[in-house]
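Trainee: Structure below; questions to follow.
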Amino acid sequence: MTGAKFGKSMALLHTWAGVLVGAVLFAVIWTGTLILFRGEIDQWMMPDTRLAPASAPMSLDRAARLVLPLVPDGATQWRIDLPTARTPVAAFSYKLAGGEEHARLFDPVRYRLLPEPGTDGASGFLVPLHYSLHLAWKDVGKWLVGLAGMAMLVLLVSGIVIHRKLVAQFFTFRPRKRLPRSALDLHNLSGVLLLPFHFMLALSGLVIFMTVFFPQAHVAAYGTGPKAKAAFMAEAYGSRKAGAKVAGKVAGDGGEEGAEEAAPPASLDGMRREAARLWGADRTSHVEPYFVRAWQPGSATALIELRRSYAREVTMNLDQLYFDAATGRLVRRFEAGPVMTVQRAFSGVHFARFDHGTLRGLYFLGGLGGCVLVATGFLFWLEARRGRHARQGLGGVRLVEALAAGSMTGIVLATLAFLAANRLLPAGAELPGWDRAALERLAFYAMWLAAFAHAWRRRTAAWREQLLAIAVLGVAAVLLNWITTGDHVARALGNGLHAVAGVDSVLLAFAALAWHAARRIGVTDRRRDGPSGPGVGGQGAHG
């Protein structure tokens, strides 16, 4: 294949991979950008969690005395998640034998249970939307997200091939040119400037779910079935070091020994101190646990697991210590093996759970750059074909425009509707079969579907109208937060509620940007030569 033919084939691949997968890709990037600050969004959506940071570490023993009376007989495990600098509230949950899970939040300073939040928040809704699109059947959502991630890698590689003058395009942006030209300039700029970031996030997203997307890797060597998978996990994922020998102690196992009468529990704070000593002997970084979990609580075989925090490192380590719940003796120590360490390093790069606000802020800007990359690619495709399709009576532009507007401005509108519904719905609001959290989800999906229908109906005008709606809803969400909680930006800053003030400030910034973009589109529309637009089909490598 000659160089010209290869370049043309890469241009076609780049164009149609973007058009076909761009809608899913934008949703994944948008939600991934937001959940970088899911803890902050959770505080905005759950006013009762807007607590002052604790001045001293939370006592696990005192927390256990508060929450363990909630654990029913027959529970297979319970868990306490410790507060952090970003999340001043502590979380408690337990799981029943059938897999049903229950959770509560509590104040780690006053040691009191908080009211039910009545919302999934960002952690419960936007996070699974990011990686599974809330499509659980046969992991269809994860496969679609994986397809979008693979498409992103294809788009980046093919983009490098068709844009040979990368250095020149890095310094080329003409915002006052007509929309096709300015959109292509911004597309090239956001792609070149953030190329390593886009590639890293797409690749790490695929690595995280390697056993879902590439099951043949372990099936070929270990076979199929639960035992084969367990063997693969044991050899590839980690290594265990024995501590004091305690017969029959295996995390998650019950058996006949589970029926024996349990001894009084040992001190959780004592186990925490021992964990800090053991982890601190190997490293100088953070050695505190971020959660404690009991396996088979109330039985003679009960174990207490402590998982080391990764707040001050990139790799999301899996360092675990297991203690005999009755005696507090160390039973087993788990450390990730080489394969799993690599996977967890990719996970840390992707999730950005480390405690570094500046770096997460750069991640946030990079995520918005990814949204711009997808959006400008769609805009260029549309404007480069609008005139030609109108002259030839083709409907491709109308279909892609409805898909693009609904998937981009539409999902932003849906997110704002989700936040506005959170502040509008009274506590305890419900309909038959729908609790308050379900009503918030309904607001999100109803707005998203309405945006698609509006985009199909209004065509080109939908862009400006939906941008104006984003501006209005963004300001409305901030005002609703002020009205319902009293925490306007100035007061939130004065009370040390930086998470709340930050979310409000970002909402106002999005509203201002949306209003400016709508105004710019209005000026562009008035300058059009005719209803078919400038008719620049075939311009550039994307044509």
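For the structure tokens, the naming scheme is as follows: chains receive sequential letters (A, B, ...) according to their order of presentation, residues are indexed from 1 within each chain, and ligands are indexed from 1 in presentation order.
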Give me, as a ChimeraX atom specification, all polymer residues having an atom no more than 7 Å from range 207-219 of chain A, counting only C-alpha atoms and skipping those fewer than 2 positions away in the same chain.
Mentor: /A:203-205,221-224,232,343,346-347
Trainee: Using only C-alpha atoms, what does the table of range 105-161 of chain A residues within 10 Å of range 57-71 of chain A look like, with each row giving the shortest atom pair and its distance in Å to one decimal, sorted by chain and ascending number, as a Markdown table?
Mentor:
| residue | atom | partner | partner_atom | distance |
| --- | --- | --- | --- | --- |
| A:Leu105 | CA | A:Val67 | CA | 9.7 |
| A:Phe106 | CA | A:Val67 | CA | 8.7 |
| A:Asp107 | CA | A:Ala63 | CA | 9.3 |
| A:Pro108 | CA | A:Met58 | CA | 5.9 |
| A:Val109 | CA | A:Met58 | CA | 7.0 |
| A:Arg110 | CA | A:Ala63 | CA | 9.9 |
| A:Tyr111 | CA | A:Ala63 | CA | 6.5 |
| A:Arg112 | CA | A:Leu66 | CA | 7.3 |
| A:Leu113 | CA | A:Leu66 | CA | 8.0 |
Trainee: Grab the residues selected above and save them as a compact mmCIF listing (two decimals), in the first residue's frame with N, CA, C and O atoms.
Mentor:
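Saved file selection.txt follows:
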# COMPACT_ATOMS: atom_id res chain seq x y z
N LEU A 105 -24.00 6.18 56.97
CA LEU A 105 -22.92 7.13 57.19
C LEU A 105 -22.97 7.60 58.64
O LEU A 105 -24.05 7.66 59.24
N PHE A 106 -21.80 7.93 59.21
CA PHE A 106 -21.81 8.44 60.57
C PHE A 106 -20.73 9.49 60.76
O PHE A 106 -19.74 9.54 60.03
N ASP A 107 -20.96 10.32 61.76
CA ASP A 107 -20.05 11.41 62.11
C ASP A 107 -18.88 10.83 62.91
O ASP A 107 -19.09 10.29 64.01
N PRO A 108 -17.64 10.92 62.39
CA PRO A 108 -16.50 10.31 63.08
C PRO A 108 -15.97 11.14 64.26
O PRO A 108 -15.04 10.70 64.94
N VAL A 109 -16.55 12.31 64.48
CA VAL A 109 -16.13 13.14 65.60
C VAL A 109 -17.09 12.98 66.77
O VAL A 109 -16.69 12.72 67.91
N ARG A 110 -18.39 13.09 66.49
CA ARG A 110 -19.41 12.96 67.54
C ARG A 110 -19.91 11.52 67.69
O ARG A 110 -20.66 11.23 68.62
N TYR A 111 -19.52 10.66 66.77
CA TYR A 111 -19.91 9.24 66.81
C TYR A 111 -21.43 9.11 66.89
O TYR A 111 -22.00 8.54 67.81
N ARG A 112 -22.07 9.66 65.87
CA ARG A 112 -23.52 9.54 65.75
C ARG A 112 -23.88 9.22 64.31
O ARG A 112 -23.21 9.66 63.38
N LEU A 113 -24.92 8.43 64.15
CA LEU A 113 -25.37 8.07 62.81
C LEU A 113 -25.99 9.28 62.13
O LEU A 113 -26.70 10.07 62.77
Trainee: Can you tell me, as a ChimeraX atom specification, which residues in range 383-496 of chain A count as helix (DSSP H, G or I) by DSSP?
Mentor: /A:383-392,396-407,409-424,436-458,461-485,489-494
Trainee: Nearest to Ile483 in chain A: which of A:Ala462, A:Leu413, A:Val331, A:Ala420 is it, counting only C-alpha atoms?
Mentor: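 Residue with the minimum atom-to-atom distance to Ile483 in chain A: A:Ala420.
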Trainee: Measuring between only C-alpha atoms, which one of A:Arg50, A:Arg329, A:Arg388, A:Arg436 shows the shortest distance to Leu268 in chain A?
Mentor: A:Arg329
Trainee: What does the distance from CA of Thr49 in chain A to CA of Ala90 in chain A come to in Å, to one decimal?
Mentor: 9.1 Å
Trainee: Run DSSP on the backbone and give me the residues of range 104-200 of chain A it puts in strand (DSSP E), as a PyMOL selection string.
Mentor: chain A and resi 104-107+112-113
Trainee: Could you work out how far CA of Gly149 in chain A lies from CA of Gly7 in chain A, giving the answer in Å with one decimal?
Mentor: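 Separation of CA of Gly7 in chain A and CA of Gly149 in chain A: 22.6 Å.
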